[in-house]
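start-v5.cif (mmCIF, C-alpha atoms)
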data_query
loop_
_atom_site.label_atom_id
_atom_site.label_comp_id
_atom_site.auth_asym_id
_atom_site.auth_seq_id
_atom_site.Cartn_x
_atom_site.Cartn_y
_atom_site.Cartn_z
CA MET A 109 34.23 -149.26 0.59
CA VAL A 110 35.00 -148.24 -2.99
CA PHE A 111 37.66 -145.57 -3.50
CA GLU A 112 37.72 -143.10 -6.34
CA GLY A 113 40.91 -142.79 -8.34
CA SER A 114 42.60 -142.43 -11.68
CA SER A 115 45.38 -144.17 -13.56
CA ALA A 116 47.70 -143.99 -16.55
CA ALA A 117 50.01 -146.33 -18.46
CA ILE A 118 52.93 -145.57 -20.75
CA SER A 119 55.61 -147.67 -22.47
CA HIS A 120 58.70 -146.66 -24.46
CA THR A 121 61.30 -148.65 -26.40
CA GLY A 122 64.15 -146.68 -24.81
CA LYS A 123 67.27 -145.33 -26.47
CA VAL A 124 69.14 -148.57 -27.17
CA ARG A 125 66.73 -151.36 -28.03
CA SER A 126 65.11 -151.70 -31.44
CA ASN A 127 61.84 -153.25 -30.21
CA ASN A 128 59.67 -153.06 -27.13
CA GLN A 129 59.41 -156.33 -25.20
CA ASP A 130 57.46 -154.75 -22.32
CA SER A 131 53.69 -154.78 -21.95
CA GLY A 132 51.46 -152.84 -19.60
CA TYR A 133 47.79 -152.70 -18.69
CA SER A 134 45.72 -150.08 -16.86
CA GLY A 135 42.10 -151.11 -16.35
CA THR A 136 39.20 -150.59 -13.99
CA ASN A 137 40.34 -152.81 -11.14
CA LEU A 138 43.46 -154.47 -12.52
CA PHE A 139 46.89 -153.03 -13.38
CA VAL A 140 49.81 -155.01 -14.82
CA VAL A 141 53.42 -154.58 -15.98
CA ALA A 142 55.23 -157.42 -17.78
CA ASP A 143 58.84 -157.26 -18.96
CA GLY A 144 59.53 -159.86 -21.65
CA MET A 145 62.83 -161.60 -22.37
CA GLY A 146 64.14 -164.34 -24.59
CA GLY A 147 65.87 -162.90 -27.59
CA HIS A 148 64.50 -161.25 -30.70
CA ALA A 149 60.66 -161.06 -30.51
CA GLY A 150 60.37 -163.83 -27.90
CA GLY A 151 60.02 -161.33 -25.09
CA ASP A 152 57.34 -159.47 -27.05
CA VAL A 153 55.27 -162.62 -27.27
CA ALA A 154 55.73 -163.64 -23.63
CA SER A 155 54.77 -160.27 -22.12
CA SER A 156 51.85 -159.89 -24.53
CA ILE A 157 50.47 -163.33 -23.66
CA ALA A 158 50.77 -162.53 -19.95
CA VAL A 159 48.93 -159.21 -20.17
CA HIS A 160 46.13 -160.53 -22.38
CA ARG A 161 45.61 -163.52 -20.07
CA LEU A 162 45.56 -161.38 -16.91
CA ARG A 163 43.27 -158.67 -18.30
CA GLU A 164 40.49 -161.25 -18.25
CA LEU A 165 40.49 -160.72 -14.46
CA ASP A 166 39.63 -157.03 -14.73
CA GLU A 167 36.25 -157.38 -13.08
CA PRO A 168 34.93 -156.96 -9.52
CA PHE A 169 35.66 -159.77 -7.05
CA ASP A 170 33.56 -160.56 -3.99
CA ASN A 171 36.57 -160.45 -1.69
CA PRO A 172 40.39 -160.05 -1.82
CA THR A 173 41.03 -163.76 -1.22
CA ASP A 174 39.12 -164.70 -4.37
CA ALA A 175 41.12 -162.13 -6.35
CA GLU A 176 44.41 -163.44 -4.96
CA ARG A 177 43.49 -167.01 -5.92
CA ALA A 178 42.42 -165.90 -9.40
CA LEU A 179 45.69 -164.04 -9.98
CA GLN A 180 47.72 -167.08 -8.91
CA GLU A 181 45.74 -169.36 -11.21
CA ALA A 182 45.92 -166.93 -14.14
CA ILE A 183 49.70 -166.59 -13.88
CA THR A 184 50.11 -170.35 -13.64
CA SER A 185 47.90 -170.80 -16.70
CA THR A 186 50.03 -168.18 -18.49
CA ALA A 187 53.07 -170.40 -17.94
CA THR A 188 51.16 -173.22 -19.62
CA LEU A 189 50.30 -170.91 -22.53
CA LEU A 190 53.98 -170.03 -22.94
CA ILE A 191 54.93 -173.71 -22.97
CA ASP A 192 52.25 -174.49 -25.56
CA THR A 193 53.31 -171.52 -27.69
CA VAL A 194 56.92 -172.71 -27.78
CA ALA A 195 55.74 -176.21 -28.70
CA GLU A 196 54.02 -174.70 -31.74
CA ARG A 197 56.77 -172.20 -32.52
CA PRO A 198 60.16 -173.62 -31.49
CA GLU A 199 61.93 -170.44 -32.59
CA LEU A 200 60.55 -168.81 -29.41
CA ALA A 201 62.22 -171.31 -27.06
CA GLY A 202 63.68 -169.65 -23.98
CA MET A 203 61.20 -166.79 -23.85
CA GLY A 204 59.79 -165.55 -20.56
CA THR A 205 58.42 -162.53 -18.78
CA THR A 206 58.20 -160.86 -15.42
CA VAL A 207 54.74 -160.08 -14.07
CA SER A 208 53.72 -157.50 -11.47
CA ALA A 209 49.95 -157.23 -11.05
CA LEU A 210 47.81 -155.08 -8.76
CA ASP A 211 44.09 -155.74 -8.32
CA PHE A 212 41.83 -153.52 -6.19
CA VAL A 213 39.01 -155.15 -4.25
CA ASP A 214 37.09 -152.70 -2.05
CA ASP A 215 39.70 -151.12 0.23
CA TYR A 216 42.37 -153.76 -0.37
CA ALA A 217 45.17 -154.14 -2.90
CA VAL A 218 45.83 -157.69 -4.10
CA ILE A 219 49.36 -158.16 -5.43
CA ALA A 220 50.96 -160.88 -7.55
CA HIS A 221 54.62 -160.72 -8.52
CA ILE A 222 57.39 -162.72 -10.18
CA GLY A 223 60.66 -161.33 -11.57
CA ASP A 224 62.20 -157.89 -11.17
CA SER A 225 59.49 -155.52 -12.30
CA ARG A 226 58.41 -153.56 -9.25
CA ILE A 227 55.39 -152.24 -7.39
CA TYR A 228 55.86 -149.15 -5.22
CA LEU A 229 53.49 -147.39 -2.83
CA TYR A 230 53.71 -143.65 -2.19
CA ARG A 231 51.86 -142.89 1.04
CA ASP A 232 52.22 -140.13 3.66
CA ASP A 233 55.09 -138.48 1.73
CA ALA A 234 57.17 -141.67 1.69
CA LEU A 235 57.94 -144.15 -1.12
CA THR A 236 58.05 -147.87 -0.26
CA GLN A 237 59.01 -150.74 -2.53
CA ILE A 238 56.25 -153.30 -1.99
CA THR A 239 57.59 -156.21 -4.07
CA THR A 240 60.94 -157.95 -3.69
CA ASP A 241 63.10 -158.49 -6.78
CA HIS A 242 63.63 -162.15 -7.64
CA THR A 243 67.22 -161.54 -8.72
CA PHE A 244 70.65 -162.87 -7.91
CA VAL A 245 71.84 -159.52 -6.54
CA GLN A 246 68.76 -159.20 -4.30
CA ARG A 247 69.81 -162.46 -2.66
CA LEU A 248 73.24 -160.95 -2.11
CA VAL A 249 71.60 -157.88 -0.54
CA ASP A 250 69.32 -160.01 1.65
CA SER A 251 72.32 -162.00 2.90
CA GLY A 252 74.21 -158.79 3.69
CA ARG A 253 77.00 -159.47 1.20
CA ILE A 254 76.44 -156.28 -0.79
CA THR A 255 74.57 -153.03 -0.17
CA PRO A 256 71.49 -151.90 -2.12
CA GLU A 257 73.65 -149.21 -3.74
CA GLU A 258 76.21 -151.81 -4.87
CA ALA A 259 73.34 -153.90 -6.26
CA ARG A 260 72.39 -151.05 -8.65
CA TYR A 261 75.74 -151.41 -10.43
CA HIS A 262 76.46 -155.11 -9.97
CA PRO A 263 77.38 -156.78 -13.30
CA ARG A 264 74.83 -159.57 -12.64
CA ARG A 265 71.98 -157.29 -11.58
CA SER A 266 69.70 -158.57 -14.39
CA VAL A 267 70.06 -162.27 -13.57
CA LEU A 268 66.62 -163.48 -12.50
CA MET A 269 66.12 -166.28 -9.98
CA ARG A 270 62.39 -166.55 -10.79
CA VAL A 271 60.57 -165.79 -14.03
CA LEU A 272 57.40 -166.78 -15.85
CA GLY A 273 58.80 -168.83 -18.71
CA ASP A 274 58.42 -171.79 -21.02
CA MET A 275 60.28 -174.24 -18.78
CA ASP A 276 58.30 -174.31 -15.52
CA PRO A 277 54.56 -175.13 -15.60
CA ASP A 278 54.19 -174.30 -11.88
CA PRO A 279 56.01 -170.99 -11.27
CA GLN A 280 56.60 -169.71 -7.75
CA VAL A 281 54.66 -166.44 -7.55
CA ASP A 282 54.53 -164.02 -4.61
CA THR A 283 50.94 -163.09 -3.76
CA PHE A 284 49.67 -161.07 -0.82
CA ILE A 285 46.93 -158.68 0.26
CA MET A 286 47.37 -155.30 1.92
CA PRO A 287 45.00 -152.46 2.78
CA THR A 288 44.95 -149.33 0.68
CA GLN A 289 43.51 -145.93 1.47
CA ALA A 290 42.48 -142.67 -0.14
CA GLY A 291 45.51 -140.67 -1.19
CA ASP A 292 47.71 -143.68 -2.01
CA ARG A 293 49.75 -143.55 -5.22
CA TRP A 294 50.76 -146.91 -6.66
CA LEU A 295 53.54 -147.28 -9.21
CA LEU A 296 54.15 -150.40 -11.31
CA CYS A 297 57.24 -150.34 -13.53
CA SER A 298 59.71 -152.45 -15.44
CA ASP A 299 63.39 -152.30 -14.54
CA GLY A 300 63.86 -149.93 -17.46
CA LEU A 301 62.70 -147.29 -14.97
CA SER A 302 63.87 -148.61 -11.59
CA GLY A 303 67.30 -149.56 -12.96
CA VAL A 304 67.95 -146.01 -14.20
CA VAL A 305 65.97 -143.66 -11.96
CA ASP A 306 66.73 -144.09 -8.26
CA ASP A 307 64.04 -144.14 -5.59
CA ALA A 308 64.81 -140.61 -4.41
CA HIS A 309 64.01 -139.10 -7.83
CA THR A 310 60.99 -141.37 -8.25
CA GLU A 311 59.64 -140.23 -4.88
CA LYS A 312 60.21 -136.59 -5.82
CA ALA A 313 58.18 -137.03 -9.03
CA LEU A 314 55.30 -138.76 -7.23
CA ALA A 315 55.34 -136.12 -4.49
CA GLN A 316 54.32 -133.41 -6.96
CA HIS A 317 50.79 -134.89 -6.95
CA LEU A 318 50.29 -134.23 -10.64
CA PRO A 319 47.76 -136.41 -12.51
CA PRO A 320 49.02 -139.95 -13.23
CA GLY A 321 49.62 -139.30 -16.95
CA ARG A 322 51.74 -136.22 -16.28
CA THR A 323 53.68 -138.03 -13.54
CA ALA A 324 54.36 -140.98 -15.86
CA ASP A 325 55.69 -138.56 -18.50
CA ILE A 326 58.07 -137.02 -15.94
CA LEU A 327 59.42 -140.41 -14.87
CA LEU A 328 59.82 -141.54 -18.50
CA LYS A 329 61.79 -138.38 -19.30
CA GLN A 330 64.10 -139.06 -16.37
CA ALA A 331 64.71 -142.59 -17.65
CA LEU A 332 65.43 -141.28 -21.16
CA ASP A 333 67.73 -138.59 -19.78
CA GLY A 334 69.55 -141.38 -17.93
CA GLY A 335 70.23 -143.25 -21.19
CA ALA A 336 67.23 -145.66 -21.14
CA PRO A 337 69.25 -148.77 -22.12
CA ASP A 338 66.12 -150.94 -21.76
CA ASN A 339 62.40 -150.66 -22.49
CA VAL A 340 60.54 -148.48 -20.00
CA THR A 341 56.98 -149.24 -18.88
CA ILE A 342 55.14 -147.28 -16.19
CA VAL A 343 51.65 -147.68 -14.71
CA ILE A 344 50.50 -145.17 -12.07
CA VAL A 345 47.34 -145.59 -10.01
CA ASP A 346 45.93 -142.90 -7.72
CA VAL A 347 43.46 -143.97 -5.05
CA GLY A 348 41.09 -141.14 -4.16
CA GLY A 349 42.10 -137.51 -4.36
CA SER A 350 40.88 -134.91 -6.80
CA HIS A 351 41.13 -137.01 -9.97
CA PRO A 352 38.20 -138.93 -11.53
CA VAL A 353 37.17 -142.49 -10.74
CA PHE A 354 38.66 -145.50 -12.54
CA SER A 355 36.59 -145.46 -15.67
CA GLY A 356 36.75 -145.41 -19.42
CA THR A 357 38.44 -147.77 -21.84
CA PRO A 358 41.27 -149.86 -20.37
CA THR A 359 44.71 -148.93 -21.68
CA ILE A 360 47.16 -151.48 -23.10
CA VAL A 361 50.71 -150.37 -23.87
CA GLY A 362 53.88 -151.97 -25.21
CA SER A 363 53.95 -155.13 -27.27
CA ALA A 364 50.51 -156.24 -26.06
CA SER A 365 48.97 -153.19 -27.74
CA ASN A 366 49.71 -154.51 -31.23
CA PRO A 367 46.23 -155.21 -32.63
CA GLN A 368 47.58 -157.74 -35.13
CA GLY A 369 49.45 -159.62 -32.44
CA VAL A 370 53.19 -159.93 -32.16
CA GLU A 371 54.98 -160.79 -35.36
CA VAL A 372 58.03 -163.02 -35.04
CA PRO A 373 60.62 -162.34 -37.75
CA ALA A 374 62.44 -165.16 -39.43
CA ALA A 375 65.56 -166.32 -37.64
CA ARG A 376 68.59 -164.26 -38.53
CA PRO A 377 71.99 -165.63 -39.53
CA GLY A 378 74.16 -166.66 -36.62
CA ARG A 379 76.59 -163.75 -36.92
CA THR A 380 76.78 -160.19 -35.70
CA SER A 381 76.69 -157.39 -38.24
CA TRP A 382 79.86 -155.32 -37.99
CA LEU A 383 77.90 -152.37 -39.36
CA HIS A 384 75.34 -152.34 -36.54
CA PRO A 385 76.77 -154.14 -33.49
CA ASN A 386 74.72 -152.10 -31.01
CA ARG A 387 71.45 -152.76 -32.81
CA GLN A 388 72.23 -156.47 -32.79
CA ALA A 389 73.02 -156.41 -29.09
CA ALA A 390 69.84 -154.53 -28.38
CA ASN A 391 67.80 -157.52 -29.48
CA GLU A 392 69.54 -159.95 -27.15
CA PRO A 393 67.87 -160.98 -23.87
CA THR A 394 68.44 -158.66 -20.92
CA HIS A 395 67.40 -161.15 -18.25
CA PHE A 396 68.42 -164.71 -17.59
CA GLU A 397 67.11 -167.40 -15.28
CA PRO A 398 70.14 -169.50 -14.33
CA ALA A 399 70.33 -173.25 -13.99
CA PRO A 400 71.40 -174.46 -10.50
CA GLU A 401 74.97 -175.17 -11.61
CA PHE A 402 75.27 -171.70 -13.14
CA LEU A 403 73.98 -170.19 -9.91
CA GLU A 404 76.83 -171.86 -8.03
CA GLU A 405 79.22 -170.41 -10.58
CA LEU A 406 77.71 -166.94 -10.03
CA ILE A 407 78.02 -167.27 -6.26
CA GLU A 408 81.66 -168.30 -6.59
CA GLU A 409 82.29 -165.44 -9.01
CA ASP A 410 80.77 -163.02 -6.52
CA ARG A 411 83.01 -164.43 -3.78
CA ARG A 412 86.01 -163.79 -6.02
CA ARG A 413 84.79 -160.24 -6.69
CA SER A 414 84.37 -159.67 -2.94
CA ARG A 415 87.87 -160.95 -2.25
CA ARG A 416 89.33 -158.78 -5.00
CA ARG A 417 87.40 -155.79 -3.68
CA ARG A 418 88.74 -156.36 -0.15
CA ILE A 419 92.29 -156.76 -1.46
CA TRP A 420 92.06 -153.52 -3.43
CA TRP A 421 90.63 -151.72 -0.40
CA ILE A 422 93.55 -152.97 1.70
CA VAL A 423 96.10 -152.05 -0.98
CA GLY A 424 94.51 -148.62 -1.36
CA LEU A 425 94.52 -148.09 2.41
CA VAL A 426 98.18 -149.14 2.64
CA VAL A 427 99.09 -146.76 -0.20
CA ILE A 428 97.21 -143.88 1.44
CA LEU A 429 98.76 -144.57 4.85
CA GLY A 430 102.19 -144.88 3.20
CA ALA A 431 101.73 -141.54 1.45
CA ILE A 432 100.66 -139.91 4.73
CA ALA A 433 103.62 -141.43 6.56
CA ALA A 434 106.02 -140.30 3.83
CA SER A 435 104.58 -136.78 3.97
CA LEU A 436 104.89 -136.64 7.74
CA PHE A 437 108.44 -137.99 7.63
CA GLY A 438 109.38 -135.46 4.95
CA ALA A 439 107.86 -132.62 6.97
CA TYR A 440 109.64 -133.75 10.15
CA SER A 441 112.94 -134.13 8.29
CA TRP A 442 112.58 -130.56 7.05
CA THR A 443 112.01 -129.27 10.58
CA GLN A 444 115.21 -130.97 11.70
CA SER A 445 117.20 -128.98 9.15
CA ARG A 446 116.19 -125.73 10.87
CA TYR A 447 117.82 -124.06 13.90
CA PHE A 448 117.02 -121.29 16.38
CA VAL A 449 118.45 -119.78 19.52
CA GLY A 450 116.45 -119.96 22.73
CA ALA A 451 116.59 -120.43 26.48
CA ASP A 452 116.78 -123.67 28.44
CA GLU A 453 116.09 -122.78 32.05
CA ASP A 454 118.94 -120.34 32.82
CA THR A 455 121.26 -120.68 29.81
CA VAL A 456 121.33 -119.86 26.10
CA VAL A 457 120.95 -122.93 23.87
CA ILE A 458 121.00 -123.64 20.13
CA PHE A 459 117.93 -125.73 19.24
CA ARG A 460 117.45 -127.92 16.17
CA GLY A 461 113.92 -127.86 14.72
CA ILE A 462 111.24 -125.21 14.69
CA GLN A 463 109.67 -123.23 17.49
CA GLN A 464 106.13 -124.71 17.08
CA ASP A 465 104.89 -127.97 18.63
CA LEU A 466 102.41 -130.40 17.12
CA GLY A 467 100.08 -131.04 20.04
CA PRO A 468 102.08 -133.01 22.59
CA ILE A 469 104.86 -133.64 20.06
CA SER A 470 107.82 -131.26 20.27
CA LEU A 471 109.34 -130.34 16.91
CA SER A 472 112.62 -129.14 18.43
CA SER A 473 115.36 -130.43 20.70
CA PRO A 474 118.51 -128.90 22.30
CA TYR A 475 121.44 -129.11 19.90
CA GLU A 476 124.24 -127.24 21.65
CA GLU A 477 124.61 -125.84 25.17
CA THR A 478 126.45 -122.48 24.89
CA GLY A 479 127.21 -122.00 28.59
CA ILE A 480 125.99 -118.40 28.41
CA LEU A 481 123.93 -117.48 31.46
CA LEU A 482 120.73 -115.52 30.88
CA SER A 483 121.57 -113.48 33.98
CA ASP A 484 124.67 -112.15 32.22
CA LEU A 485 122.60 -110.61 29.41
CA PRO A 486 120.99 -107.19 29.35
CA PHE A 487 117.22 -107.25 29.75
CA TYR A 488 116.34 -106.67 26.10
CA GLN A 489 118.63 -109.46 24.89
CA ARG A 490 117.48 -111.86 27.61
CA LEU A 491 113.87 -111.26 26.50
CA ALA A 492 114.76 -111.86 22.82
CA VAL A 493 116.44 -115.18 23.67
CA GLN A 494 113.51 -116.30 25.80
CA GLN A 495 111.15 -115.53 22.90
CA THR A 496 113.59 -117.43 20.56
CA ILE A 497 115.65 -116.05 17.68
CA SER A 498 115.22 -117.74 14.27
CA ALA A 499 118.34 -118.70 12.27
CA ARG A 500 118.74 -119.44 8.59
CA SER A 501 121.19 -122.27 9.27
CA LEU A 502 123.41 -123.80 11.94
CA ALA A 503 126.21 -121.40 10.99
CA ASP A 504 123.80 -118.49 11.34
CA ALA A 505 122.70 -119.76 14.78
CA GLU A 506 126.32 -120.01 15.87
CA SER A 507 126.94 -116.46 14.63
CA ILE A 508 123.98 -115.21 16.70
CA VAL A 509 125.32 -117.00 19.77
CA GLU A 510 128.75 -115.43 19.26
CA THR A 511 127.15 -111.97 19.21
CA ILE A 512 125.25 -112.79 22.41
CA ARG A 513 128.45 -114.05 24.03
CA GLN A 514 130.29 -110.84 23.21
CA THR A 515 127.42 -108.84 24.69
CA ALA A 516 127.45 -110.97 27.88
CA GLU A 517 131.20 -110.55 28.31
CA SER A 518 131.03 -106.78 27.85
CA THR A 519 128.13 -106.31 30.25
CA PRO A 520 129.39 -105.14 33.70
#

This entry written out as structure tokens:
Amino acid sequence: MVFEGSSAAISHTGKVRSNNQDSGYSGTNLFVVADGMGGHAGGDVASSIAVHRLRELDEPFDNPTDAERALQEAITSTATLLIDTVAERPELAGMGTTVSALDFVDDYAVIAHIGDSRIYLYRDDALTQITTDHTFVQRLVDSGRITPEEARYHPRRSVLMRVLGDMDPDPQVDTFIMPTQAGDRWLLCSDGLSGVVDDAHTEKALAQHLPPGRTADILLKQALDGGAPDNVTIVIVDVGGSHPVFSGTPTIVGSASNPQGVEVPAARPGRTSWLHPNRQAANEPTHFEPAPEFLEELIEEDRRRSRRRRIWWIVGLVVILGAIAASLFGAYSWTQSRYFVGADEDTVVIFRGIQQDLGPISLSSPYEETGILLSDLPFYQRLAVQQTISARSLADAESIVETIRQTAESTP
């Protein structure tokens, strides 16, 4: 079966960075997003090399298994190309790139992935993240140590555990095959989108069922409105529906679209310009693949952060409980400064507190037995005492009792 569909690709430098280290490709069968890293211009080169190597696979395959094998081999050969490039141009040492690739073979989607660029599937009014981020914080989420929401704001959220770089000639790449169907919307994106626009807003944009190009524009605007601290690359693929078939000239965006190739500027002096500190920072790498010893340091740092977080939660809880207890004590102390006159079985009594109760807790207690019998009072005064008589103070309560006593003594 061959599905009809349409696609679009877009890439933007963002609001902070001075150059675009992302690359994207939207072809006939193949779709790719690569997010480069490695300092000034190195990321440009890495992502561009990856896209241009993978685009060679944009042709029909006999079956999904052949396509999966070809993607794996192409990504591995890209790692070799990066190593060879650094050997020829040592100034690019440390460069690398993420790769998320989607290849359609009949009614199957063949996926290859390394890094933290993502592939999503919007199907039956629900958005699902298909790939798993190869990041330090994702490991923390998988182990249950932090929540996905905490991962969005974790200070180490950009630390990659796997990346296509110039150090490993045999990278560990996730590849798998899954069925696709008419009506599916596929989204490939760099973390310049997923790190700024949450899944709920992404799902809402895809749910409008606008053409891929219009949908990509909406998502890009949301990323820019959110500050766009990193490059943003988006590829959207619609399978079936009312849009035209995959056809026309393939689209290349980002650094790979430079027809002259990526130019690497001369190395800059080893100092930061005090006139443009943000521009300097914008050219620094945003991702980092840690060495094993640094990973242990990160894990220990996260343990310390977790302990500090628990301590602050406990301190905050104690402070809140203390404030509540102090408020309750203050309120109770106030009630015990009030007095009223009431009845206790068959006599008149001065009570300390207030007439109301707090559930099962009484806010008043007998303060002084007056010895005045209710039976000695006229009906109207007996009723008033039984319903309680408020007093402004103890002296006022005693004055009320004296009036009641005089009435009781004068009643025949």

#### Entry: atom CA of Glu199 of chain A to atom CA of Met275 of chain A, distance in Å rounded to a single decimal
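Interatomic distance, atom CA of Glu199 of chain A to atom CA of Met275 of chain A: 14.4 Å.
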
### One-decimal distance in Å that lies between atom CA of Thr205 of chain A and atom CA of Pro287 of chain A
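Atom-to-atom, atom CA of Pro287 of chain A to atom CA of Thr205 of chain A, that is 27.3 Å.
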
### Task
Please identify all polymer residues within 12 Å of Asp338 of chain A, counting only C-alpha atoms, omitting same-chain residues fewer than 2 positions from it, and present them as a PyMOL selection string.
chain A and resi 119-130+143-145+266+298-304+328+331-332+334-336+340-341+389-395

### Query
Written as number ranges by chain, which residues does the PyMOL selection byres ((chain A and resi 233-241) around 9) give for the file shown?
A: 208, 219-232, 242-247, 268-269, 282, 307-308, 310-311, 314-315

### Message
Excluding Asp192 of chain A and its own-chain neighbours fewer than 4 positions away, which residues fall within 12 Å of it when counting only C-alpha atoms? Please give them as a VMD selection string.
### Response
chain A and resid 154 157 185 to 188 196 to 198 200 to 201 203 273 to 277

### Task
Choose the residue, out of A:Gln464, A:Thr455, A:Ser251, A:Thr283, that has the smallest atom-to-atom separation from Val493 of chain A; count all atoms listed in the file.
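Counting all atoms listed in the file, the residue closest to Val493 of chain A is A:Thr455.
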
### Message
Measuring between only C-alpha atoms, which one of A:Asn366, A:Gln494, A:Ser114, A:Thr515 shows the shortest distance to Glu453 of chain A?
### Response
A:Gln494

### Message
Would you compute the distance between atom CA of Asp292 of chain A and atom CA of Ile344 of chain A? Give it in Å to one decimal.
### Response
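The value is 10.5 Å.
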
Selection near Thr496 of chain A, 8 Å with only C-alpha atoms, sequence-local residues under 5 positions removed, as a compact mmCIF listing (two decimals) with C-alpha atoms, in the frame of the given file:
# COMPACT_ATOMS: atom_id res chain seq x y z
CA PHE A 448 117.02 -121.29 16.38
CA VAL A 449 118.45 -119.78 19.52
CA GLY A 450 116.45 -119.96 22.73
CA ALA A 451 116.59 -120.43 26.48
CA GLN A 463 109.67 -123.23 17.49

Result set, the PyMOL selection byres ((chain A and resi 174) around 12) on current file, as a PDB file with C-alpha atoms, in the frame of the given file:
ATOM      1  CA  LEU A 165      40.490-160.720 -14.460  1.00  0.00           C
ATOM      2  CA  GLU A 167      36.250-157.380 -13.080  1.00  0.00           C
ATOM      3  CA  PRO A 168      34.930-156.960  -9.520  1.00  0.00           C
ATOM      4  CA  PHE A 169      35.660-159.770  -7.050  1.00  0.00           C
ATOM      5  CA  ASP A 170      33.560-160.560  -3.990  1.00  0.00           C
ATOM      6  CA  ASN A 171      36.570-160.450  -1.690  1.00  0.00           C
ATOM      7  CA  PRO A 172      40.390-160.050  -1.820  1.00  0.00           C
ATOM      8  CA  THR A 173      41.030-163.760  -1.220  1.00  0.00           C
ATOM      9  CA  ALA A 175      41.120-162.130  -6.350  1.00  0.00           C
ATOM     10  CA  GLU A 176      44.410-163.440  -4.960  1.00  0.00           C
ATOM     11  CA  ARG A 177      43.490-167.010  -5.920  1.00  0.00           C
ATOM     12  CA  ALA A 178      42.420-165.900  -9.400  1.00  0.00           C
ATOM     13  CA  LEU A 179      45.690-164.040  -9.980  1.00  0.00           C
ATOM     14  CA  GLN A 180      47.720-167.080  -8.910  1.00  0.00           C
ATOM     15  CA  GLU A 181      45.740-169.360 -11.210  1.00  0.00           C
ATOM     16  CA  ASP A 211      44.090-155.740  -8.320  1.00  0.00           C
ATOM     17  CA  PHE A 212      41.830-153.520  -6.190  1.00  0.00           C
ATOM     18  CA  VAL A 213      39.010-155.150  -4.250  1.00  0.00           C
ATOM     19  CA  VAL A 218      45.830-157.690  -4.100  1.00  0.00           C
ATOM     20  CA  THR A 283      50.940-163.090  -3.760  1.00  0.00           C
ATOM     21  CA  PHE A 284      49.670-161.070  -0.820  1.00  0.00           C
ATOM     22  CA  ILE A 285      46.930-158.680   0.260  1.00  0.00           C
TER      23      ILE A 285
END

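Distances from A:Thr443, A:Thr193, A:Asn339, A:Gln330 to Ala142 of chain A were compared using only C-alpha atoms, and the smallest one belongs to A:Asn339.
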
### Query
Using the chain letters and numbers from the file, which residues does the PyMOL selection byres ((chain A and resi 458) around 9) grab, as number ranges by chain?
A: 447-451, 456-457, 459-460, 473-478, 502, 505-506, 509

## Note on the structure
Using all atoms listed in the file, the shortest atom-to-atom distance to Gly291 of chain A among A:Gly467, A:Pro486, A:Gly348, A:Gly461 belongs to A:Gly348

### Task
Have a look at A:Ala503, A:Val305, A:Ile342, A:Ile360 and name the one nearest to Ser134 of chain A; count all atoms listed in the file.
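For Ser134 of chain A, the nearest of the candidates is A:Ile360.
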
### Task
May I have the residues within 8 Å of Ala116 of chain A as a ChimeraX atom specification, using all atoms listed in the file and disregarding those fewer than 5 positions away in the same chain?
/A:134,320-321,324,343-345,359

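The smallest atom-to-atom distance between Val281 of chain A and any of A:Leu482, A:Asp214, A:Thr184, A:Thr357, using only C-alpha atoms, is found for A:Thr184.
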